[in-house]
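Following: one structure in structure tokens, then a few remarks.
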Amino acid sequence: MAYLRTAFLATTAVGLMALATPALAEVIMTPDGHYYKLVPLKAPPPGAASSVVTAIPEGATANVPPAPASNCRLTNFVNLEYQPEYTAVCGPE
């Protein structure tokens, strides 16, 4: 009887988890080894007014000083698929 109860509870738990996960969710892995779940967003109801949120005001300007010149340079670069190898040297040439 205990075995039957455990099997029933396990089946119920798996079923509830399957219902809680969106059917179109996709899990992807990025080249750096992180996993992300892509879940589609719900569309707004028909006839709803759409809105656009702008993070930067339209008339905004920026006064950014130029970056100082660097005396560092790339001397060697090997493009590997996930871990590129490069050597940079700083100082006089």
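Within each chain, counting starts at residue 1; across the structure tokens, chains are named A, B, ... in the order shown, with ligands numbered 1 upward in that order.
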Secondary structure check, helix (DSSP H, G or I) residues of chain A, as a CSV table (one decimal) with all heavy atoms, in the first residue's frame:
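What ended up in out_26.csv:
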```csv
chain,number,residue,atom,x,y,z
A,2,ALA,N,2.0,1.2,0.8
A,2,ALA,CA,2.9,2.4,0.8
A,2,ALA,C,3.5,2.6,-0.6
A,2,ALA,O,3.7,3.8,-1.0
A,2,ALA,CB,3.9,2.2,1.9
A,3,TYR,N,3.8,1.6,-1.3
A,3,TYR,CA,4.4,1.7,-2.6
A,3,TYR,C,3.4,2.3,-3.6
A,3,TYR,O,3.8,3.2,-4.3
A,3,TYR,CB,4.8,0.3,-3.1
A,3,TYR,CG,5.3,0.3,-4.5
A,3,TYR,CD1,6.6,0.9,-4.8
A,3,TYR,CD2,4.6,-0.1,-5.6
A,3,TYR,CE1,7.1,0.9,-6.1
A,3,TYR,CE2,5.0,-0.1,-6.9
A,3,TYR,CZ,6.3,0.4,-7.2
A,3,TYR,OH,6.7,0.5,-8.4
A,4,LEU,N,2.2,1.9,-3.5
A,4,LEU,CA,1.1,2.5,-4.3
A,4,LEU,C,0.9,4.0,-4.0
A,4,LEU,O,0.8,4.8,-5.0
A,4,LEU,CB,-0.2,1.7,-4.2
A,4,LEU,CG,-1.3,2.1,-5.1
A,4,LEU,CD1,-1.0,1.8,-6.5
A,4,LEU,CD2,-2.6,1.3,-4.7
A,5,ARG,N,0.9,4.3,-2.8
A,5,ARG,CA,0.8,5.7,-2.4
A,5,ARG,C,1.9,6.6,-2.9
A,5,ARG,O,1.8,7.7,-3.4
A,5,ARG,CB,0.6,5.9,-0.9
A,5,ARG,CG,0.3,7.3,-0.4
A,5,ARG,CD,0.2,7.4,1.1
A,5,ARG,NE,-0.3,6.3,1.7
A,5,ARG,CZ,-0.2,6.0,3.0
A,5,ARG,NH1,0.5,6.8,3.8
A,5,ARG,NH2,-0.7,4.9,3.5
A,6,THR,N,3.2,6.1,-2.8
A,6,THR,CA,4.3,6.8,-3.2
A,6,THR,C,4.3,7.0,-4.7
A,6,THR,O,4.6,8.1,-5.3
A,6,THR,CB,5.6,6.0,-2.8
A,6,THR,OG1,5.6,5.9,-1.4
A,6,THR,CG2,6.9,6.8,-3.2
A,7,ALA,N,3.9,6.0,-5.5
A,7,ALA,CA,3.8,6.1,-6.9
A,7,ALA,C,2.7,7.1,-7.3
A,7,ALA,O,3.0,7.9,-8.3
A,7,ALA,CB,3.5,4.7,-7.5
A,8,PHE,N,1.6,7.1,-6.7
A,8,PHE,CA,0.6,8.0,-6.9
A,8,PHE,C,1.0,9.5,-6.7
A,8,PHE,O,0.8,10.4,-7.5
A,8,PHE,CB,-0.7,7.7,-6.1
A,8,PHE,CG,-1.8,8.7,-6.3
A,8,PHE,CD1,-2.5,8.7,-7.5
A,8,PHE,CD2,-2.1,9.6,-5.3
A,8,PHE,CE1,-3.6,9.6,-7.7
A,8,PHE,CE2,-3.1,10.5,-5.5
A,8,PHE,CZ,-3.8,10.5,-6.7
A,9,LEU,N,1.7,9.7,-5.5
A,9,LEU,CA,2.2,11.0,-5.2
A,9,LEU,C,3.2,11.5,-6.2
A,9,LEU,O,3.2,12.7,-6.6
A,9,LEU,CB,2.7,11.1,-3.8
A,9,LEU,CG,1.7,11.0,-2.7
A,9,LEU,CD1,2.3,10.9,-1.3
A,9,LEU,CD2,0.7,12.2,-2.8
A,10,ALA,N,4.1,10.6,-6.6
A,10,ALA,CA,5.1,11.0,-7.6
A,10,ALA,C,4.5,11.3,-8.9
A,10,ALA,O,4.9,12.3,-9.6
A,10,ALA,CB,6.1,9.9,-7.7
A,11,THR,N,3.6,10.5,-9.4
A,11,THR,CA,2.9,10.8,-10.7
A,11,THR,C,2.1,12.1,-10.6
A,11,THR,O,2.2,12.9,-11.5
A,11,THR,CB,1.9,9.7,-11.0
A,11,THR,OG1,2.6,8.4,-11.0
A,11,THR,CG2,1.3,9.9,-12.3
A,12,THR,N,1.5,12.4,-9.5
A,12,THR,CA,0.7,13.6,-9.3
A,12,THR,C,1.7,14.8,-9.3
A,12,THR,O,1.4,15.9,-10.0
A,12,THR,CB,-0.1,13.6,-8.0
A,12,THR,OG1,-0.9,12.5,-8.0
A,12,THR,CG2,-0.9,14.9,-7.9
A,13,ALA,N,2.8,14.7,-8.7
A,13,ALA,CA,3.8,15.8,-8.6
A,13,ALA,C,4.3,16.1,-10.0
A,13,ALA,O,4.5,17.3,-10.4
A,13,ALA,CB,4.9,15.5,-7.6
A,14,VAL,N,4.7,15.1,-10.8
A,14,VAL,CA,5.2,15.3,-12.1
A,14,VAL,C,4.1,15.9,-13.0
A,14,VAL,O,4.4,16.8,-13.8
A,14,VAL,CB,5.7,13.9,-12.7
A,14,VAL,CG1,5.9,14.0,-14.2
A,14,VAL,CG2,6.9,13.4,-12.0
A,15,GLY,N,2.9,15.5,-12.9
A,15,GLY,CA,1.8,16.1,-13.6
A,15,GLY,C,1.6,17.5,-13.3
A,15,GLY,O,1.4,18.4,-14.2
A,16,LEU,N,1.6,17.9,-12.0
A,16,LEU,CA,1.5,19.3,-11.6
A,16,LEU,C,2.6,20.2,-12.1
A,16,LEU,O,2.4,21.3,-12.5
A,16,LEU,CB,1.3,19.4,-10.1
A,16,LEU,CG,0.0,18.9,-9.6
A,16,LEU,CD1,0.0,18.9,-8.0
A,16,LEU,CD2,-1.2,19.7,-10.1
A,17,MET,N,3.8,19.6,-12.1
A,17,MET,CA,5.0,20.4,-12.6
A,17,MET,C,4.9,20.6,-14.1
A,17,MET,O,5.2,21.7,-14.6
A,17,MET,CB,6.3,19.7,-12.2
A,17,MET,CG,6.6,19.8,-10.8
A,17,MET,SD,8.3,19.3,-10.4
A,17,MET,CE,8.3,17.6,-10.9
A,18,ALA,N,4.3,19.6,-14.8
A,18,ALA,CA,4.2,19.8,-16.2
A,18,ALA,C,3.1,20.8,-16.6
A,18,ALA,O,3.3,21.6,-17.5
A,18,ALA,CB,3.8,18.4,-16.9
A,19,LEU,N,2.1,20.9,-15.7
A,19,LEU,CA,1.1,21.9,-16.0
A,19,LEU,C,1.6,23.3,-15.6
A,19,LEU,O,1.2,24.3,-16.3
A,19,LEU,CB,-0.1,21.7,-15.1
A,19,LEU,CG,-1.0,20.5,-15.5
A,19,LEU,CD1,-2.1,20.2,-14.5
A,19,LEU,CD2,-1.6,20.7,-16.9
A,20,ALA,N,2.5,23.4,-14.7
A,20,ALA,CA,3.0,24.7,-14.3
A,20,ALA,C,4.0,25.3,-15.3
A,20,ALA,O,4.3,26.5,-15.4
A,20,ALA,CB,3.7,24.6,-12.9
```
Which residues are close to Tyr86 of chain A, i.e. within 9 Å by only C-alpha atoms, leaving aside same-chain residues fewer than 5 positions away? Reply as an mmCIF file with N, CA, C and O atoms, in the first residue's frame.
```cif
data_model
loop_
_atom_site.group_PDB
_atom_site.id
_atom_site.type_symbol
_atom_site.label_atom_id
_atom_site.label_comp_id
_atom_site.auth_asym_id
_atom_site.auth_seq_id
_atom_site.Cartn_x
_atom_site.Cartn_y
_atom_site.Cartn_z
ATOM 1 N N LEU A 74 47.231 44.517 -28.795
ATOM 2 C CA LEU A 74 47.034 43.077 -28.934
ATOM 3 C C LEU A 74 48.174 42.518 -29.762
ATOM 4 O O LEU A 74 48.415 42.960 -30.879
ATOM 5 N N THR A 75 48.905 41.538 -29.213
ATOM 6 C CA THR A 75 50.048 40.999 -29.945
ATOM 7 C C THR A 75 49.772 39.621 -30.533
ATOM 8 O O THR A 75 50.372 39.258 -31.531
ATOM 9 N N ASN A 76 48.865 38.848 -29.923
ATOM 10 C CA ASN A 76 48.588 37.503 -30.426
ATOM 11 C C ASN A 76 47.125 37.177 -30.147
ATOM 12 O O ASN A 76 46.620 37.437 -29.059
ATOM 13 N N PHE A 77 46.437 36.606 -31.146
ATOM 14 C CA PHE A 77 45.037 36.225 -30.971
ATOM 15 C C PHE A 77 44.789 34.918 -31.704
ATOM 16 O O PHE A 77 45.090 34.789 -32.880
ATOM 17 N N VAL A 78 44.242 33.929 -30.991
ATOM 18 C CA VAL A 78 43.862 32.646 -31.576
ATOM 19 C C VAL A 78 42.373 32.469 -31.297
ATOM 20 O O VAL A 78 41.945 32.443 -30.146
ATOM 21 N N ASN A 79 41.561 32.357 -32.360
ATOM 22 C CA ASN A 79 40.118 32.275 -32.212
ATOM 23 C C ASN A 79 39.709 30.822 -32.034
ATOM 24 O O ASN A 79 39.559 30.081 -32.993
#
```
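Residues with any atom within 7 Å of Arg73 of chain A, counting only C-alpha atoms and excluding same-chain neighbours fewer than 6 positions away, are Ala88, Val89 and Cys90 of chain A.
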Please produce an output containing N, CA, C and O atoms for each residue in the selection, written as a CSV table (one decimal), in the first residue's frame.
```
chain,number,residue,atom,x,y,z
A,88,ALA,N,47.9,40.5,-24.7
A,88,ALA,CA,48.0,42.0,-24.8
A,88,ALA,C,49.3,42.4,-24.1
A,88,ALA,O,49.6,41.9,-23.1
A,89,VAL,N,49.9,43.5,-24.6
A,89,VAL,CA,51.1,44.0,-24.0
A,89,VAL,C,50.9,45.5,-23.8
A,89,VAL,O,50.3,46.2,-24.7
A,90,CYS,N,51.2,46.0,-22.7
A,90,CYS,CA,51.1,47.4,-22.4
A,90,CYS,C,52.5,48.0,-22.1
A,90,CYS,O,53.3,47.4,-21.6
```
**OP:** Using DSSP on the backbone, list every residue of chain A that comes out as strand (DSSP E), and give them as a list in words.
**Re:** Glu26, Val27, Ile28, Met29, Tyr35, Tyr36, Lys37, Leu38, Cys72, Arg73, Leu74, Thr75, Asn76, Phe77, Val78, Glu85, Tyr86, Thr87, Ala88, Val89 and Cys90 of chain A
**OP:** Please identify all polymer residues within 12 Å of Pro31 of chain A, counting only C-alpha atoms, omitting same-chain residues fewer than 5 positions from it, and present them as a PyMOL selection string.
**Re:** chain A and resi 36+80-84
For the selection just defined, write its residues with all heavy atoms to a file, as a short mmCIF file (atom, residue, chain, number, x, y, z; two decimals), in the first residue's frame.
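New file part_11.cif:
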```
data_model
loop_
_atom_site.label_atom_id
_atom_site.label_comp_id
_atom_site.auth_asym_id
_atom_site.auth_seq_id
_atom_site.Cartn_x
_atom_site.Cartn_y
_atom_site.Cartn_z
N TYR A 36 19.30 29.21 -19.95
CA TYR A 36 18.22 30.18 -19.89
C TYR A 36 16.94 29.54 -20.39
O TYR A 36 16.96 28.79 -21.36
CB TYR A 36 18.53 31.41 -20.75
CG TYR A 36 19.71 32.20 -20.24
CD1 TYR A 36 20.97 31.99 -20.76
CD2 TYR A 36 19.55 33.14 -19.24
CE1 TYR A 36 22.07 32.71 -20.30
CE2 TYR A 36 20.62 33.86 -18.76
CZ TYR A 36 21.88 33.64 -19.30
OH TYR A 36 22.95 34.34 -18.84
N LEU A 80 39.52 30.41 -30.79
CA LEU A 80 38.99 29.08 -30.49
C LEU A 80 37.49 29.21 -30.35
O LEU A 80 36.95 30.30 -30.21
CB LEU A 80 39.62 28.54 -29.22
CG LEU A 80 41.15 28.42 -29.26
CD1 LEU A 80 41.68 28.00 -27.91
CD2 LEU A 80 41.60 27.46 -30.34
N GLU A 81 36.77 28.10 -30.39
CA GLU A 81 35.32 28.18 -30.44
C GLU A 81 34.71 28.84 -29.21
O GLU A 81 33.89 29.74 -29.31
CB GLU A 81 34.73 26.78 -30.62
CG GLU A 81 33.24 26.80 -30.84
CD GLU A 81 32.69 25.43 -31.16
OE1 GLU A 81 33.48 24.50 -31.33
OE2 GLU A 81 31.48 25.31 -31.23
N TYR A 82 35.10 28.43 -28.02
CA TYR A 82 34.50 28.98 -26.81
C TYR A 82 35.49 29.71 -25.92
O TYR A 82 35.09 30.45 -25.04
CB TYR A 82 33.82 27.87 -26.00
CG TYR A 82 32.67 27.24 -26.73
CD1 TYR A 82 32.70 25.93 -27.13
CD2 TYR A 82 31.55 27.99 -27.04
CE1 TYR A 82 31.65 25.36 -27.81
CE2 TYR A 82 30.48 27.43 -27.72
CZ TYR A 82 30.54 26.12 -28.09
OH TYR A 82 29.49 25.57 -28.77
N GLN A 83 36.79 29.50 -26.11
CA GLN A 83 37.79 30.15 -25.28
C GLN A 83 38.89 30.73 -26.16
O GLN A 83 39.90 30.08 -26.40
CB GLN A 83 38.37 29.16 -24.27
CG GLN A 83 37.37 28.68 -23.26
CD GLN A 83 37.98 27.68 -22.29
OE1 GLN A 83 38.96 27.03 -22.59
NE2 GLN A 83 37.38 27.56 -21.12
N PRO A 84 38.68 31.95 -26.65
CA PRO A 84 39.75 32.54 -27.46
C PRO A 84 40.97 32.82 -26.61
O PRO A 84 40.87 33.10 -25.41
CB PRO A 84 39.11 33.83 -27.98
CG PRO A 84 38.03 34.13 -27.04
CD PRO A 84 37.54 32.82 -26.51
#
```
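Taking atom CA of Ala43 of chain A as the reference point, atom CA of Pro57 of chain A is found at 26.4 Å.
The two atoms in question, atom CA of Ala55 of chain A and atom CA of Pro40 of chain A, are spaced 23.0 Å apart.
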